[in-house]
file work17.pdb (PDB, C-alpha atoms and all ligand atoms)
ATOM      1  CA  MET U  27      11.127 -19.626 -27.902  1.00  0.00           C
ATOM      2  CA  ALA U  28       7.340 -19.628 -27.928  1.00  0.00           C
ATOM      3  CA  VAL U  29       5.583 -16.813 -26.164  1.00  0.00           C
ATOM      4  CA  PRO U  30       4.111 -18.587 -23.124  1.00  0.00           C
ATOM      5  CA  TRP U  31       0.991 -16.578 -22.557  1.00  0.00           C
ATOM      6  CA  LYS U  32      -0.916 -13.724 -24.002  1.00  0.00           C
ATOM      7  CA  ALA U  33      -2.781 -10.984 -22.250  1.00  0.00           C
ATOM      8  CA  SER U  34      -5.761  -9.523 -23.989  1.00  0.00           C
ATOM      9  CA  VAL U  35      -5.596  -5.930 -25.037  1.00  0.00           C
ATOM     10  CA  PHE U  36      -8.748  -4.019 -24.321  1.00  0.00           C
ATOM     11  CA  ARG U  37      -9.857  -1.229 -26.570  1.00  0.00           C
ATOM     12  CA  GLU U  38     -12.269   0.415 -24.211  1.00  0.00           C
ATOM     13  CA  THR U  39     -13.035   4.033 -24.786  1.00  0.00           C
ATOM     14  CA  GLY U  40     -13.623   5.369 -21.350  1.00  0.00           C
ATOM     15  CA  PHE U  41     -13.584   3.888 -17.914  1.00  0.00           C
ATOM     16  CA  THR U  42     -16.193   1.158 -17.754  1.00  0.00           C
ATOM     17  CA  MET U  43     -16.604  -1.368 -14.985  1.00  0.00           C
ATOM     18  CA  ASN U  44     -16.923  -4.056 -17.609  1.00  0.00           C
ATOM     19  CA  GLY U  45     -13.487  -3.181 -18.961  1.00  0.00           C
ATOM     20  CA  ILE U  46     -11.978  -2.930 -15.489  1.00  0.00           C
ATOM     21  CA  GLU U  47     -13.338  -6.317 -14.460  1.00  0.00           C
ATOM     22  CA  ARG U  48     -11.981  -7.939 -17.569  1.00  0.00           C
ATOM     23  CA  ALA U  49      -8.612  -6.274 -16.965  1.00  0.00           C
ATOM     24  CA  ARG U  50      -8.560  -7.482 -13.352  1.00  0.00           C
ATOM     25  CA  ALA U  51      -9.271 -11.028 -14.493  1.00  0.00           C
ATOM     26  CA  ASP U  52      -6.572 -10.769 -17.127  1.00  0.00           C
ATOM     27  CA  LEU U  53      -4.071  -9.431 -14.585  1.00  0.00           C
ATOM     28  CA  ALA U  54      -4.832 -12.294 -12.181  1.00  0.00           C
ATOM     29  CA  LYS U  55      -4.560 -14.908 -14.894  1.00  0.00           C
ATOM     30  CA  HIS U  56      -1.579 -13.674 -16.915  1.00  0.00           C
ATOM     31  CA  GLY U  57       0.287 -11.264 -14.653  1.00  0.00           C
ATOM     32  CA  TRP U  58      -0.288  -8.170 -16.801  1.00  0.00           C
ATOM     33  CA  THR U  59      -2.862  -6.374 -18.876  1.00  0.00           C
ATOM     34  CA  VAL U  60      -3.330  -3.221 -20.927  1.00  0.00           C
ATOM     35  CA  LEU U  61      -6.288  -0.863 -20.851  1.00  0.00           C
ATOM     36  CA  ARG U  62      -6.316   1.234 -23.994  1.00  0.00           C
ATOM     37  CA  GLY U  63      -7.990   4.496 -24.863  1.00  0.00           C
ATOM     38  CA  GLN U  64      -8.307   5.752 -21.294  1.00  0.00           C
ATOM     39  CA  ARG U  65      -8.861   9.455 -20.739  1.00  0.00           C
ATOM     40  CA  PHE U  66      -6.284  11.023 -18.464  1.00  0.00           C
ATOM     41  CA  GLY U  67      -3.914  13.895 -18.949  1.00  0.00           C
ATOM     42  CA  ALA U  68      -0.743  14.801 -17.169  1.00  0.00           C
ATOM     43  CA  GLY U  69      -2.845  15.588 -14.059  1.00  0.00           C
ATOM     44  CA  HIS U  70      -3.093  13.009 -11.335  1.00  0.00           C
ATOM     45  CA  ASP U  71      -6.772  12.781 -10.351  1.00  0.00           C
ATOM     46  CA  GLU U  72      -7.974  10.575 -13.174  1.00  0.00           C
ATOM     47  CA  VAL U  73      -4.791   8.501 -13.043  1.00  0.00           C
ATOM     48  CA  LEU U  74      -5.377   7.762  -9.373  1.00  0.00           C
ATOM     49  CA  ARG U  75      -9.030   6.958  -9.983  1.00  0.00           C
ATOM     50  CA  ILE U  76      -8.130   4.330 -12.576  1.00  0.00           C
ATOM     51  CA  ALA U  77      -5.222   2.964 -10.509  1.00  0.00           C
ATOM     52  CA  ALA U  78      -7.421   2.618  -7.429  1.00  0.00           C
ATOM     53  CA  ALA U  79      -9.571   0.107  -9.296  1.00  0.00           C
ATOM     54  CA  PHE U  80      -6.622  -2.295  -9.112  1.00  0.00           C
ATOM     55  CA  GLY U  81      -5.166  -1.680  -5.662  1.00  0.00           C
ATOM     56  CA  ARG U  82      -4.097   0.832  -3.038  1.00  0.00           C
ATOM     57  CA  PRO U  83      -1.598   3.431  -4.292  1.00  0.00           C
ATOM     58  CA  SER U  84       1.772   3.449  -2.535  1.00  0.00           C
ATOM     59  CA  THR U  85       3.522   6.710  -1.671  1.00  0.00           C
ATOM     60  CA  ARG U  86       6.595   5.012  -0.229  1.00  0.00           C
ATOM     61  CA  ASP U  87       9.186   6.148  -2.793  1.00  0.00           C
ATOM     62  CA  GLY U  88       9.241   9.800  -3.757  1.00  0.00           C
ATOM     63  CA  GLY U  89       6.535  10.718  -1.199  1.00  0.00           C
ATOM     64  CA  GLN U  90       3.730  10.743  -3.748  1.00  0.00           C
ATOM     65  CA  ALA U  91       1.520   8.147  -5.410  1.00  0.00           C
ATOM     66  CA  VAL U  92       2.127   9.371  -8.964  1.00  0.00           C
ATOM     67  CA  TRP U  93       5.733   9.427 -10.158  1.00  0.00           C
ATOM     68  CA  GLU U  94       6.620  11.093 -13.442  1.00  0.00           C
ATOM     69  CA  VAL U  95       8.766   8.820 -15.559  1.00  0.00           C
ATOM     70  CA  ARG U  96      10.508  11.293 -17.849  1.00  0.00           C
ATOM     71  CA  PRO U  97      14.056  12.190 -18.788  1.00  0.00           C
ATOM     72  CA  ARG U  98      15.411  14.714 -16.290  1.00  0.00           C
ATOM     73  CA  PRO U  99      18.238  17.073 -17.225  1.00  0.00           C
ATOM     74  CA  GLY U 100      21.455  16.138 -15.453  1.00  0.00           C
ATOM     75  CA  ARG U 101      20.173  12.707 -14.380  1.00  0.00           C
ATOM     76  CA  ASP U 102      21.809  10.649 -17.127  1.00  0.00           C
ATOM     77  CA  HIS U 103      23.091   8.272 -14.478  1.00  0.00           C
ATOM     78  CA  GLY U 104      19.933   8.255 -12.351  1.00  0.00           C
ATOM     79  CA  THR U 105      17.496   5.391 -12.016  1.00  0.00           C
ATOM     80  CA  PHE U 106      15.540   4.114 -15.047  1.00  0.00           C
ATOM     81  CA  SER U 107      12.656   6.526 -14.525  1.00  0.00           C
ATOM     82  CA  GLU U 108      14.928   9.590 -14.703  1.00  0.00           C
ATOM     83  CA  ARG U 109      16.808   8.981 -17.926  1.00  0.00           C
ATOM     84  CA  THR U 110      16.577   8.081 -21.604  1.00  0.00           C
ATOM     85  CA  GLY U 111      17.805   4.836 -23.095  1.00  0.00           C
ATOM     86  CA  PRO U 112      16.750   1.240 -22.588  1.00  0.00           C
ATOM     87  CA  ALA U 113      15.972  -0.540 -19.325  1.00  0.00           C
ATOM     88  CA  ALA U 114      16.791  -4.224 -18.902  1.00  0.00           C
ATOM     89  CA  PHE U 115      14.265  -6.640 -17.426  1.00  0.00           C
ATOM     90  CA  HIS U 116      13.597  -5.878 -13.804  1.00  0.00           C
ATOM     91  CA  THR U 117      10.933  -5.676 -11.142  1.00  0.00           C
ATOM     92  CA  ASP U 118      10.169  -2.396  -9.390  1.00  0.00           C
ATOM     93  CA  ALA U 119      11.141  -1.666  -5.782  1.00  0.00           C
ATOM     94  CA  GLN U 120      13.309  -4.798  -5.632  1.00  0.00           C
ATOM     95  CA  TYR U 121      15.394  -2.979  -2.994  1.00  0.00           C
ATOM     96  CA  HIS U 122      12.517  -3.041  -0.484  1.00  0.00           C
ATOM     97  CA  ALA U 123      11.928  -6.032   1.797  1.00  0.00           C
ATOM     98  CA  GLN U 124       8.397  -6.135   0.390  1.00  0.00           C
ATOM     99  CA  PRO U 125       8.010  -4.660  -3.105  1.00  0.00           C
ATOM    100  CA  GLU U 126       4.603  -3.332  -4.126  1.00  0.00           C
ATOM    101  CA  ASP U 127       2.286  -5.925  -5.698  1.00  0.00           C
ATOM    102  CA  TYR U 128       1.439  -4.023  -8.889  1.00  0.00           C
ATOM    103  CA  VAL U 129       2.910  -1.332 -11.120  1.00  0.00           C
ATOM    104  CA  CYS U 130       0.668   0.805 -13.366  1.00  0.00           C
ATOM    105  CA  LEU U 131       2.178   2.756 -16.250  1.00  0.00           C
ATOM    106  CA  PHE U 132       0.019   5.511 -17.739  1.00  0.00           C
ATOM    107  CA  VAL U 133       1.247   6.595 -21.161  1.00  0.00           C
ATOM    108  CA  VAL U 134       0.754  10.354 -21.558  1.00  0.00           C
ATOM    109  CA  ARG U 135       3.247  11.009 -24.394  1.00  0.00           C
ATOM    110  CA  PRO U 136       5.031   8.113 -26.096  1.00  0.00           C
ATOM    111  CA  ALA U 137       8.560   8.748 -27.287  1.00  0.00           C
ATOM    112  CA  ASP U 138       8.815   9.250 -31.013  1.00  0.00           C
ATOM    113  CA  ASP U 139      11.737   6.834 -31.178  1.00  0.00           C
ATOM    114  CA  GLY U 140      10.908   3.816 -28.968  1.00  0.00           C
ATOM    115  CA  GLY U 141      10.542   3.630 -25.204  1.00  0.00           C
ATOM    116  CA  ASP U 142       7.984   0.821 -25.414  1.00  0.00           C
ATOM    117  CA  THR U 143       7.331  -1.601 -22.556  1.00  0.00           C
ATOM    118  CA  ARG U 144       8.407  -5.243 -22.756  1.00  0.00           C
ATOM    119  CA  VAL U 145       6.811  -7.817 -20.469  1.00  0.00           C
ATOM    120  CA  LEU U 146       8.014 -11.249 -19.413  1.00  0.00           C
ATOM    121  CA  GLY U 147       6.377 -13.656 -16.958  1.00  0.00           C
ATOM    122  CA  ALA U 148       8.557 -14.971 -14.146  1.00  0.00           C
ATOM    123  CA  ALA U 149       7.752 -18.572 -15.010  1.00  0.00           C
ATOM    124  CA  ALA U 150       8.991 -18.089 -18.562  1.00  0.00           C
ATOM    125  CA  ALA U 151      12.033 -16.164 -17.379  1.00  0.00           C
ATOM    126  CA  LEU U 152      13.055 -18.936 -15.001  1.00  0.00           C
ATOM    127  CA  SER U 153      12.070 -21.901 -17.148  1.00  0.00           C
ATOM    128  CA  SER U 154      15.366 -22.326 -18.975  1.00  0.00           C
ATOM    129  CA  LEU U 155      17.629 -22.089 -15.939  1.00  0.00           C
ATOM    130  CA  PRO U 156      19.551 -25.088 -14.657  1.00  0.00           C
ATOM    131  CA  ALA U 157      18.630 -26.406 -11.189  1.00  0.00           C
ATOM    132  CA  GLY U 158      21.804 -25.063  -9.586  1.00  0.00           C
ATOM    133  CA  THR U 159      21.084 -21.529 -10.766  1.00  0.00           C
ATOM    134  CA  LEU U 160      17.506 -21.721  -9.497  1.00  0.00           C
ATOM    135  CA  THR U 161      18.736 -22.934  -6.113  1.00  0.00           C
ATOM    136  CA  ALA U 162      21.115 -19.977  -5.884  1.00  0.00           C
ATOM    137  CA  LEU U 163      18.354 -17.533  -6.853  1.00  0.00           C
ATOM    138  CA  ARG U 164      16.161 -18.937  -4.054  1.00  0.00           C
ATOM    139  CA  GLU U 165      18.740 -18.266  -1.361  1.00  0.00           C
ATOM    140  CA  PRO U 166      18.071 -15.209   0.836  1.00  0.00           C
ATOM    141  CA  ALA U 167      21.480 -13.811  -0.001  1.00  0.00           C
ATOM    142  CA  TRP U 168      20.864 -11.042  -2.542  1.00  0.00           C
ATOM    143  CA  THR U 169      21.138  -7.369  -1.630  1.00  0.00           C
ATOM    144  CA  TRP U 170      20.112  -4.329  -3.650  1.00  0.00           C
ATOM    145  CA  LYS U 171      21.004  -0.661  -3.802  1.00  0.00           C
ATOM    146  CA  VAL U 172      18.290   1.886  -3.137  1.00  0.00           C
ATOM    147  CA  PRO U 173      18.236   4.412  -6.026  1.00  0.00           C
ATOM    148  CA  GLU U 174      19.779   7.701  -4.936  1.00  0.00           C
ATOM    149  CA  VAL U 175      16.576   9.627  -5.593  1.00  0.00           C
ATOM    150  CA  PHE U 176      14.638   7.419  -3.097  1.00  0.00           C
ATOM    151  CA  ARG U 177      17.412   6.949  -0.581  1.00  0.00           C
ATOM    152  CA  SER U 178      16.499   9.373   2.201  1.00  0.00           C
ATOM    153  CA  GLY U 179      14.792   7.603   5.062  1.00  0.00           C
ATOM    154  CA  ALA U 180      14.973   4.191   3.423  1.00  0.00           C
ATOM    155  CA  PRO U 181      15.994   1.377   5.752  1.00  0.00           C
ATOM    156  CA  ALA U 182      19.276  -0.409   5.100  1.00  0.00           C
ATOM    157  CA  PRO U 183      18.629  -3.179   2.584  1.00  0.00           C
ATOM    158  CA  THR U 184      18.534  -6.704   3.957  1.00  0.00           C
ATOM    159  CA  PRO U 185      19.360  -9.782   1.878  1.00  0.00           C
ATOM    160  CA  THR U 186      16.442 -11.272  -0.045  1.00  0.00           C
ATOM    161  CA  THR U 187      15.700 -14.102  -2.434  1.00  0.00           C
ATOM    162  CA  VAL U 188      15.443 -13.462  -6.189  1.00  0.00           C
ATOM    163  CA  THR U 189      12.745 -16.074  -6.614  1.00  0.00           C
ATOM    164  CA  THR U 190      10.795 -18.456  -4.414  1.00  0.00           C
ATOM    165  CA  THR U 191       9.263 -21.888  -4.829  1.00  0.00           C
ATOM    166  CA  ALA U 192       5.945 -20.014  -5.176  1.00  0.00           C
ATOM    167  CA  GLY U 193       7.334 -18.433  -8.342  1.00  0.00           C
ATOM    168  CA  THR U 194       7.653 -14.828  -7.192  1.00  0.00           C
ATOM    169  CA  ILE U 195      10.421 -12.714  -8.678  1.00  0.00           C
ATOM    170  CA  ARG U 196      12.559  -9.673  -7.793  1.00  0.00           C
ATOM    171  CA  TRP U 197      15.414  -8.564  -9.983  1.00  0.00           C
ATOM    172  CA  ARG U 198      17.463  -5.724 -11.320  1.00  0.00           C
ATOM    173  CA  SER U 199      20.900  -6.795 -12.448  1.00  0.00           C
ATOM    174  CA  ASP U 200      22.477  -3.331 -12.346  1.00  0.00           C
ATOM    175  CA  ASN U 201      21.117  -2.675  -8.873  1.00  0.00           C
ATOM    176  CA  LEU U 202      22.818  -5.480  -7.007  1.00  0.00           C
ATOM    177  CA  ALA U 203      24.639  -4.034  -4.003  1.00  0.00           C
ATOM    178  CA  GLY U 204      28.235  -4.449  -5.033  1.00  0.00           C
ATOM    179  CA  PRO U 205      29.458  -7.262  -7.226  1.00  0.00           C
ATOM    180  CA  PRO U 206      27.781 -10.507  -6.228  1.00  0.00           C
ATOM    181  CA  GLY U 207      29.985 -12.768  -4.143  1.00  0.00           C
ATOM    182  CA  ARG U 208      31.653 -15.697  -5.765  1.00  0.00           C
ATOM    183  CA  ALA U 209      28.716 -18.054  -5.176  1.00  0.00           C
ATOM    184  CA  ARG U 210      26.295 -15.642  -6.828  1.00  0.00           C
ATOM    185  CA  ARG U 211      28.334 -14.309  -9.724  1.00  0.00           C
ATOM    186  CA  ARG U 212      27.556 -17.195 -12.058  1.00  0.00           C
ATOM    187  CA  PRO U 213      23.840 -17.485 -11.236  1.00  0.00           C
ATOM    188  CA  ALA U 214      23.494 -13.701 -11.708  1.00  0.00           C
ATOM    189  CA  ALA U 215      25.213 -13.866 -15.090  1.00  0.00           C
ATOM    190  CA  ALA U 216      23.154 -16.910 -16.133  1.00  0.00           C
ATOM    191  CA  PHE U 217      19.876 -15.225 -15.229  1.00  0.00           C
ATOM    192  CA  THR U 218      20.873 -11.982 -16.957  1.00  0.00           C
ATOM    193  CA  ALA U 219      21.762 -13.943 -20.102  1.00  0.00           C
ATOM    194  CA  ALA U 220      18.451 -15.877 -19.952  1.00  0.00           C
ATOM    195  CA  LEU U 221      16.541 -12.577 -19.744  1.00  0.00           C
ATOM    196  CA  ASP U 222      18.484 -11.200 -22.703  1.00  0.00           C
ATOM    197  CA  ARG U 223      17.502 -14.263 -24.740  1.00  0.00           C
ATOM    198  CA  ALA U 224      13.870 -14.455 -23.666  1.00  0.00           C
ATOM    199  CA  GLU U 225      11.110 -13.701 -26.125  1.00  0.00           C
ATOM    200  CA  ALA U 226       8.873 -11.125 -24.500  1.00  0.00           C
ATOM    201  CA  HIS U 227       5.666  -9.310 -25.298  1.00  0.00           C
ATOM    202  CA  GLN U 228       6.159  -5.749 -26.450  1.00  0.00           C
ATOM    203  CA  VAL U 229       3.511  -3.134 -25.786  1.00  0.00           C
ATOM    204  CA  ARG U 230       3.833  -0.307 -28.279  1.00  0.00           C
ATOM    205  CA  HIS U 231       2.970   2.796 -26.317  1.00  0.00           C
ATOM    206  CA  ARG U 232      -0.005   4.900 -27.364  1.00  0.00           C
ATOM    207  CA  PRO U 233      -1.440   7.886 -25.509  1.00  0.00           C
ATOM    208  CA  GLY U 234      -4.174   6.641 -23.179  1.00  0.00           C
ATOM    209  CA  ASP U 235      -2.598   3.222 -22.551  1.00  0.00           C
ATOM    210  CA  VAL U 236      -2.616   1.929 -18.990  1.00  0.00           C
ATOM    211  CA  ILE U 237      -0.216  -0.998 -18.578  1.00  0.00           C
ATOM    212  CA  ILE U 238      -0.765  -2.918 -15.343  1.00  0.00           C
ATOM    213  CA  LEU U 239       1.899  -5.369 -14.204  1.00  0.00           C
ATOM    214  CA  ASP U 240       1.943  -7.916 -11.398  1.00  0.00           C
ATOM    215  CA  ASN U 241       5.266  -6.852  -9.904  1.00  0.00           C
ATOM    216  CA  LEU U 242       5.753 -10.170  -8.087  1.00  0.00           C
ATOM    217  CA  ARG U 243       5.122 -12.442 -11.078  1.00  0.00           C
ATOM    218  CA  THR U 244       6.248 -10.378 -14.065  1.00  0.00           C
ATOM    219  CA  LEU U 245       9.405  -8.590 -15.156  1.00  0.00           C
ATOM    220  CA  HIS U 246       9.314  -5.536 -17.375  1.00  0.00           C
ATOM    221  CA  ALA U 247      11.827  -3.739 -19.566  1.00  0.00           C
ATOM    222  CA  ARG U 248      11.913  -0.716 -21.849  1.00  0.00           C
ATOM    223  CA  THR U 249      13.168  -0.352 -25.388  1.00  0.00           C
ATOM    224  CA  ALA U 250      15.687   2.414 -26.043  1.00  0.00           C
ATOM    225  CA  PHE U 251      14.594   5.985 -26.705  1.00  0.00           C
ATOM    226  CA  GLN U 252      16.078   9.484 -26.687  1.00  0.00           C
ATOM    227  CA  ASP U 253      12.980  11.677 -27.085  1.00  0.00           C
ATOM    228  CA  PRO U 254      13.022  14.099 -24.106  1.00  0.00           C
ATOM    229  CA  ALA U 255       9.249  14.603 -24.381  1.00  0.00           C
ATOM    230  CA  ARG U 256       8.337  11.016 -23.399  1.00  0.00           C
ATOM    231  CA  LEU U 257       6.071  11.049 -20.351  1.00  0.00           C
ATOM    232  CA  VAL U 258       4.705   8.046 -18.474  1.00  0.00           C
ATOM    233  CA  LEU U 259       3.050   8.318 -15.071  1.00  0.00           C
ATOM    234  CA  ARG U 260       3.791   5.447 -12.732  1.00  0.00           C
ATOM    235  CA  VAL U 261       1.686   4.334  -9.782  1.00  0.00           C
ATOM    236  CA  ARG U 262       2.749   1.407  -7.625  1.00  0.00           C
ATOM    237  CA  LEU U 263      -0.049  -0.408  -5.854  1.00  0.00           C
ATOM    238  CA  TRP U 264      -0.595  -2.669  -2.901  1.00  0.00           C
ATOM    239  CA  ALA U 265      -3.095  -5.455  -3.473  1.00  0.00           C
ATOM    240  CA  ARG U 266      -6.202  -4.893  -1.394  1.00  0.00           C
TER     241      ARG U 266
HETATM  242 FE    FE U 301      10.226  -0.388 -13.728  1.00  0.00          FE
END
call {"tool": "encode", "arguments": {"input": "work17.pdb", "output": "structure tokens", "more": "lines below"}}
Ligand SMILES: [Fe+2]
result
Amino acid sequence: MAVPWKASVFRETGFTMNGIERARADLAKHGWTVLRGQRFGAGHDEVLRIAAAFGRPSTRDGGQAVWEVRPRPGRDHGTFSERTGPAAFHTDAQYHAQPEDYVCLFVVRPADDGGDTRVLGAAAALSSLPAGTLTALREPAWTWKVPEVFRSGAPAPTPTTVTTTAGTIRWRSDNLAGPPGRARRRPAAAFTAALDRAEAHQVRHRPGDVIILDNLRTLHARTAFQDPARLVLRVRLWAR
């Protein structure tokens, strides 16, 4: 399958408005972009300064704008951001009635054995599905589990659509609340299989990378890794 679109990769050294404006344009056009060679450490100030150029940081899950994505001892069965291993294609915060518009991933320390980000546009992800599957994915009948680590104070999930006629997307196959009912089992399996087959862009992580994803138009995944030192800082953003 041909790769449907290509986001430019910027090799800016430092935080320049020129680079940010090009990245914003790229994000609007393609649904994702990468800023390379940015200067931030494991601290949060510079991360938030860069993130704020793309939207308004959300503190909704975890009570803080910057969430450390790193393997946590004893959380082998936690959500993706707490454990090693791969992550299948998903959107973030799919369990909220309104997920955040953007997700920024700041690469502090890449894993030495993988852990790269894969990116797939919703249009490409949905393009091979039969009409009946698309119709099922557009029904407001899908419910999602809130990850245990974010559960306190979260409202009870209400059924949502997976996609809309406007082309938005929300998905995480292992986070469906209970096994999908009979009418949704086949569409869920068909979409999962289509995502497994899809040819996606892969962003090889380097320190100083900032990967910015349109969380309503793009799915992301992670290649497998075991390195306990991998550290990515995540900031979810509301569009202005
Ligand atoms: Fe994610």
call {"tool": "resolve_selection", "arguments": {"input": "work17.pdb", "expression": "the PyMOL selection byres (((not hetatm)) within 10 of (chain U and resi 301))", "output": "list in words"}}
result
Val95, Thr105, Phe106, Ser107, Ala113, Ala114, Phe115, His116, Thr117, Asp118, Ala119, Gln120, Val129, Cys130, Leu131, Thr143, Arg198, Leu239, Asn241, Leu245, His246, Ala247, Arg248, Arg260 and Arg262 of chain U
call {"tool": "atom_distance", "arguments": {"input": "work17.pdb", "atom1": "CA of Arg82 (chain U)", "atom2": "CA of Pro183 (chain U)"}}
result
23.8 Å
call {"tool": "residues_around", "arguments": {"input": "work17.pdb", "residues": "region 227-229 of chain U", "least_positions_apart": "3", "cutoff": "7 Å", "atoms": "all atoms listed in the file", "output": "PyMOL selection string"}}
result
chain U and resi 142-146
call {"tool": "resolve_selection", "arguments": {"input": "work17.pdb", "expression": "the PyMOL selection byres (((chain U and resi 175) around 9) and not hetatm)", "output": "count of residues only"}}
result
10
call {"tool": "atom_distance", "arguments": {"input": "work17.pdb", "atom1": "CA of Asp139 (chain U)", "atom2": "CA of Gln64 (chain U)"}}
result
22.4 Å
call {"tool": "residues_near_point", "arguments": {"input": "work17.pdb", "point": "(4.3, -12.3, -15.7)", "cutoff": "9 Å", "atoms": "all atoms listed in the file", "output": "PyMOL selection string"}}
result
chain U and resi 31+53+56-58+145-151+239-246
call {"tool": "atom_distance", "arguments": {"input": "work17.pdb", "atom1": "CA of Arg230 (chain U)", "atom2": "CA of Asp138 (chain U)"}}
result
11.1 Å
call {"tool": "residues_around", "arguments": {"input": "work17.pdb", "residues": "Ala209 (chain U)", "least_positions_apart": "5", "cutoff": "12 Å", "atoms": "only C-alpha atoms", "output": "ChimeraX atom specification"}}
result
/U:158-159,161-163,165,167-168,214-215
call {"tool": "residues_near_point", "arguments": {"input": "work17.pdb", "point": "(-5.1, 1.6, -10.6)", "cutoff": "9 Å", "atoms": "only C-alpha atoms", "output": "PyMOL selection string"}}
result
chain U and resi 73-83+128-130+236+238+261-263
call {"tool": "resolve_selection", "arguments": {"input": "work17.pdb", "expression": "the PyMOL selection byres (((chain U and resi 66) around 10) and not hetatm)", "output": "number ranges by chain"}}
result
U: 40, 63-65, 67-76, 132-134, 233-236
call {"tool": "closest_residue", "arguments": {"input": "work17.pdb", "among": "U:Arg223, U:Asp253, U:Arg208, U:Thr191", "to": "Arg135 (chain U)", "atoms": "all atoms listed in the file"}}
result
U:Asp253
